[in-house]
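Trainee: Below is one structure. I have some questions about it.
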Amino acid sequence: MIGPLETRLLERRQSVGTLWAVLLDPDSLPPQELAHTACQVEAAGADLLLVGGSSASPGVFEAGMKAIHASSALPIVLFPGSYHQVVDGADGILFTSLLSGRNPQYLAEEQVQGAPRVHRLGLEPIPTAYLLIESGKPTTVQIVSGTLPLPREEADVVLHHVWAAACMGMRWVYLEAGSGAADPVPVPLLRKVVEEGGVQVIVGGGLKTPEAIAERAAVRPAMIVTGNVLEARRDAGFLAAFAQAVHQA
Ligand code: 1GP
């Protein structure tokens with residue numbers, strides 16, 4: 001069932017074409033910096049905040065979440081690296097299954113551990129298939145999950161995973177090159193999944209320039225995610241160029 005958060009995101013998508021999500025990692029920035037970044041990207045035109053990381057401890061994660069929650073009116077969506085990061089303070093959660101891999105821990109076990117927390121906290125789950133796409137060299141998420149990515153040149157293989165996700169009721173698919181990826185998800189692959197997948201498509205990993213973002217926004221995915229790049233630089237002009245690149249299409 002589609003809840004109020006997902007409805008809000010889909011409505012926003014109608015007006016901007018593609019949503020710009022900024023990923024904040026409580027492991028990478030202290031709470032004050034997270035709060036400041038949230039304010040800056042909101043002012044620049046971001047549409048939502050994702051909060052997640054692969055290694056933050058529960059205490060660090062909760063402190064970061066509190067700071068973000070207090071500083072931004074944007075929708076806040078958990079994007080947890082493990083069930084320990086299912087904490088209060090978000091509007092919902094990308095409830096992911098790492099469908100590109102065959103590691104039962106990330107296909108089902110983390111989900112079984114996390115679901116009671118989602119239920120208790122009243123978080124709105126957005127059912128999402130998480131697909132790792134090969135991106136030049138091993139990424140943290142591949143290493144942590146102990147899984148191999150899908151080949152970037154095999155669009156049909158990727159599409160079969162997307163269709164499987166849709167058959168299982170997942171309405172969203174996240175094509176992930178990995179944080180800081182050398183090679184982002186290729187545009188032709190993204191186009192094929194957007195056109196033939198029948199789901200809302202999220203793309204992220206290694207998108208470091210407005211040009212790389214604009215190329216992918218032109219294909220009209222539902223959401224483009226940026227993370228790392230804004231940890232190093234987030235002056236107003238730089239952020240405005242990112243917002244424009246996502247929304248111009
Ligand atoms: C990682 O796709 C996100 O899950 C963002 O990646 O940090 O490379 O922008 P970057």
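Chain labels follow the order of the structure tokens: the first chain is A, the next B, and so on; residue numbering restarts at 1 in every chain, and ligands are counted from 1 in their shown order.
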Write down as a PyMOL selection string the residues belonging to segment 58-210 of chain A that are assigned strand (DSSP E) by DSSP computed on the backbone.

Mentor: chain A and resi 76-78+92-97+124-132+172-176+200-204

Trainee: Next, write the just-selected residues to a file, as a compact mmCIF listing (two decimals), in the first residue's frame, keeping C-alpha atoms as the atom set.

Mentor:
# COMPACT_ATOMS: atom_id res chain seq x y z
CA ILE A 76 13.76 12.27 5.67
CA VAL A 77 14.09 8.69 4.47
CA LEU A 78 16.24 6.07 6.14
CA GLY A 92 9.97 6.47 6.24
CA ILE A 93 12.54 3.97 5.06
CA LEU A 94 13.78 2.59 1.78
CA PHE A 95 13.09 -1.00 2.79
CA THR A 96 15.64 -2.64 0.58
CA SER A 97 16.62 -6.16 -0.40
CA GLU A 124 6.54 4.01 6.27
CA PRO A 125 8.38 1.35 4.26
CA ILE A 126 9.05 1.99 0.59
CA PRO A 127 9.71 -1.48 -0.90
CA THR A 128 12.90 -1.18 -2.92
CA ALA A 129 15.14 -3.60 -4.77
CA TYR A 130 18.76 -2.65 -4.30
CA LEU A 131 20.87 -3.61 -7.31
CA LEU A 132 24.63 -3.16 -7.33
CA TRP A 172 11.16 1.08 -6.51
CA VAL A 173 14.55 -0.11 -7.76
CA TYR A 174 17.84 1.51 -6.74
CA LEU A 175 20.61 1.14 -9.34
CA GLU A 176 23.71 1.58 -7.20
CA GLN A 200 10.29 3.92 -10.02
CA VAL A 201 14.04 4.04 -10.67
CA ILE A 202 16.61 5.51 -8.28
CA VAL A 203 20.19 5.95 -9.48
CA GLY A 204 23.28 6.87 -7.50

Trainee: Within 6 Å of ligand 1 (counting only C-alpha atoms and all ligand atoms), which residues show up? I'd like them as a list in words.

Mentor: Glu176, Gly178, Ser179, Gly180, Ala181, Gly204, Gly205, Gly206, Leu207, Val225, Thr226, Gly227, Asn228 and Val229 of chain A

Trainee: Write the residues of the selection above to a file with N, CA and C atoms, as a short mmCIF file (atom, residue, chain, number, x, y, z; two decimals), in the first residue's frame.

Mentor:
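For reference, out.cif as written:
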data_model
loop_
_atom_site.label_atom_id
_atom_site.label_comp_id
_atom_site.auth_asym_id
_atom_site.auth_seq_id
_atom_site.Cartn_x
_atom_site.Cartn_y
_atom_site.Cartn_z
N GLU A 176 22.65 1.04 -8.07
CA GLU A 176 23.71 1.58 -7.20
C GLU A 176 25.08 1.23 -7.75
N GLY A 178 27.67 2.40 -6.18
CA GLY A 178 28.48 2.38 -4.95
C GLY A 178 29.01 3.77 -4.65
N SER A 179 29.06 4.10 -3.37
CA SER A 179 29.50 5.44 -3.00
C SER A 179 30.94 5.69 -3.46
N GLY A 180 31.13 6.78 -4.16
CA GLY A 180 32.45 7.12 -4.66
C GLY A 180 32.88 6.29 -5.86
N ALA A 181 31.92 5.66 -6.51
CA ALA A 181 32.24 4.75 -7.64
C ALA A 181 33.07 5.46 -8.71
N GLY A 204 22.28 6.15 -8.29
CA GLY A 204 23.28 6.87 -7.50
C GLY A 204 24.61 6.14 -7.52
N GLY A 205 25.60 6.83 -6.95
CA GLY A 205 26.94 6.28 -6.86
C GLY A 205 27.88 6.91 -7.86
N GLY A 206 28.83 7.70 -7.37
CA GLY A 206 29.86 8.26 -8.23
C GLY A 206 29.42 9.42 -9.09
N LEU A 207 28.27 10.04 -8.78
CA LEU A 207 27.82 11.19 -9.58
C LEU A 207 28.42 12.45 -8.96
N VAL A 225 20.57 10.29 -6.65
CA VAL A 225 21.15 10.42 -5.31
C VAL A 225 22.59 10.90 -5.41
N THR A 226 22.90 11.92 -4.62
CA THR A 226 24.30 12.33 -4.48
C THR A 226 24.68 12.25 -3.00
N GLY A 227 25.93 11.88 -2.75
CA GLY A 227 26.39 11.74 -1.36
C GLY A 227 27.73 12.38 -1.15
N ASN A 228 28.76 11.55 -1.37
CA ASN A 228 30.15 11.92 -1.12
C ASN A 228 30.56 13.32 -1.54
N VAL A 229 30.19 13.67 -2.77
CA VAL A 229 30.72 14.89 -3.36
C VAL A 229 30.37 16.12 -2.52
#

Trainee: I'd like the contact shell of segment 19-36 of chain A - 7 Å cut-off, only C-alpha atoms, skipping same-chain residues fewer than 3 positions apart - returned as a list of chain:residue names.

Mentor: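 In the requested format, the answer is A:Arg13, A:Val16, A:Cys39, A:Gln40, A:Ala46, A:Asp47, A:Leu48, A:Leu49, A:Leu50, A:Val51, A:Gly52, A:Gly53, A:Ser55, A:Ala56, A:Val60, A:Phe61, A:Ala63, A:Gly64, A:Ala67, A:Ile68, A:Ser71, A:Ala222, A:Met223, A:Ile224, A:Val225, A:Thr226, A:Gly227, A:Ala243, A:Val246.
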
Trainee: Using C-alpha atoms, can you export the residues from the last selection as a tab-separated table (two decimals), in the first residue's frame?

Mentor:
chain	number	residue	atom	x	y	z
A	13	ARG	CA	8.15	14.07	-8.92
A	16	VAL	CA	10.15	18.46	-10.85
A	39	CYS	CA	19.83	23.28	5.68
A	40	GLN	CA	22.14	24.12	2.77
A	46	ALA	CA	16.99	19.19	-2.78
A	47	ASP	CA	13.73	17.23	-2.64
A	48	LEU	CA	14.52	14.77	0.13
A	49	LEU	CA	17.25	13.56	2.45
A	50	LEU	CA	18.41	9.97	2.66
A	51	VAL	CA	20.17	9.04	5.87
A	52	GLY	CA	22.37	5.97	5.91
A	53	GLY	CA	25.82	4.53	6.08
A	55	SER	CA	29.27	1.38	9.40
A	56	ALA	CA	27.84	3.99	11.82
A	60	VAL	CA	26.29	7.82	16.33
A	61	PHE	CA	23.48	7.17	13.89
A	63	ALA	CA	22.65	11.51	17.18
A	64	GLY	CA	23.03	12.32	13.50
A	67	ALA	CA	20.38	16.76	14.30
A	68	ILE	CA	19.03	16.34	10.76
A	71	SER	CA	17.18	21.27	11.07
A	222	ALA	CA	12.43	8.96	-10.43
A	223	MET	CA	15.35	9.94	-8.22
A	224	ILE	CA	19.03	10.83	-8.43
A	225	VAL	CA	21.15	10.42	-5.31
A	226	THR	CA	24.30	12.33	-4.48
A	227	GLY	CA	26.39	11.74	-1.36
A	243	ALA	CA	19.80	21.15	-8.35
A	246	VAL	CA	18.60	17.19	-11.73

Trainee: Write down as a ChimeraX atom specification the residues of segment 2-247 of chain A whose backbone DSSP state falls under helix (DSSP H, G or I).

Mentor: /A:4-16,31-44,58-71,83-85,104-121,140-145,155-167,187-196,210-217,229-232,236-247

Trainee: Which residue gives the smallest distance to Val187 of chain A among A:Ala90, A:Leu99, A:Ile213, A:Val112, with only C-alpha atoms counted?

Mentor: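 Of all the options, A:Ile213 lies closest to Val187 of chain A.
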
Trainee: In Å to one decimal, how far is atom CA of Leu230 of chain A from atom CA of Phe242 of chain A?

Mentor: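 Between these atoms lies a distance of 10.0 Å.
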
Trainee: Can you list, as a ChimeraX atom specification, every protein, DNA or RNA residue that comes within 8 Å of segment 117-122 of chain A when you count only C-alpha atoms, leaving out same-chain residues fewer than 4 positions away?

Mentor: /A:86-88,113

Trainee: Can I get the selected residues back with C-alpha atoms, as a compact mmCIF listing (two decimals), in the first residue's frame?

Mentor:
# COMPACT_ATOMS: atom_id res chain seq x y z
CA VAL A 86 16.43 1.63 11.85
CA VAL A 87 15.87 4.49 14.29
CA ASP A 88 13.27 7.13 15.05
CA GLN A 113 15.53 -8.16 12.01

Trainee: Find the spatial neighbours of Gln248 of chain A, counting only C-alpha atoms, within a cut-off of 9 Å - ignore same-chain residues fewer than 4 positions away - and output them as a list of chain:residue names.

Mentor: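 Here the answer would be A:Val16, A:Gly17, A:Thr18, A:Ala214, A:Ala217, A:Ala218, A:Ala243, A:Gln244.
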
Trainee: Quick check, in Å to one decimal: how far apart do atom CA of Gln105 of chain A and atom CA of Ser54 of chain A lie?

Mentor: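 Going from atom CA of Gln105 of chain A over to atom CA of Ser54 of chain A covers 14.4 Å.
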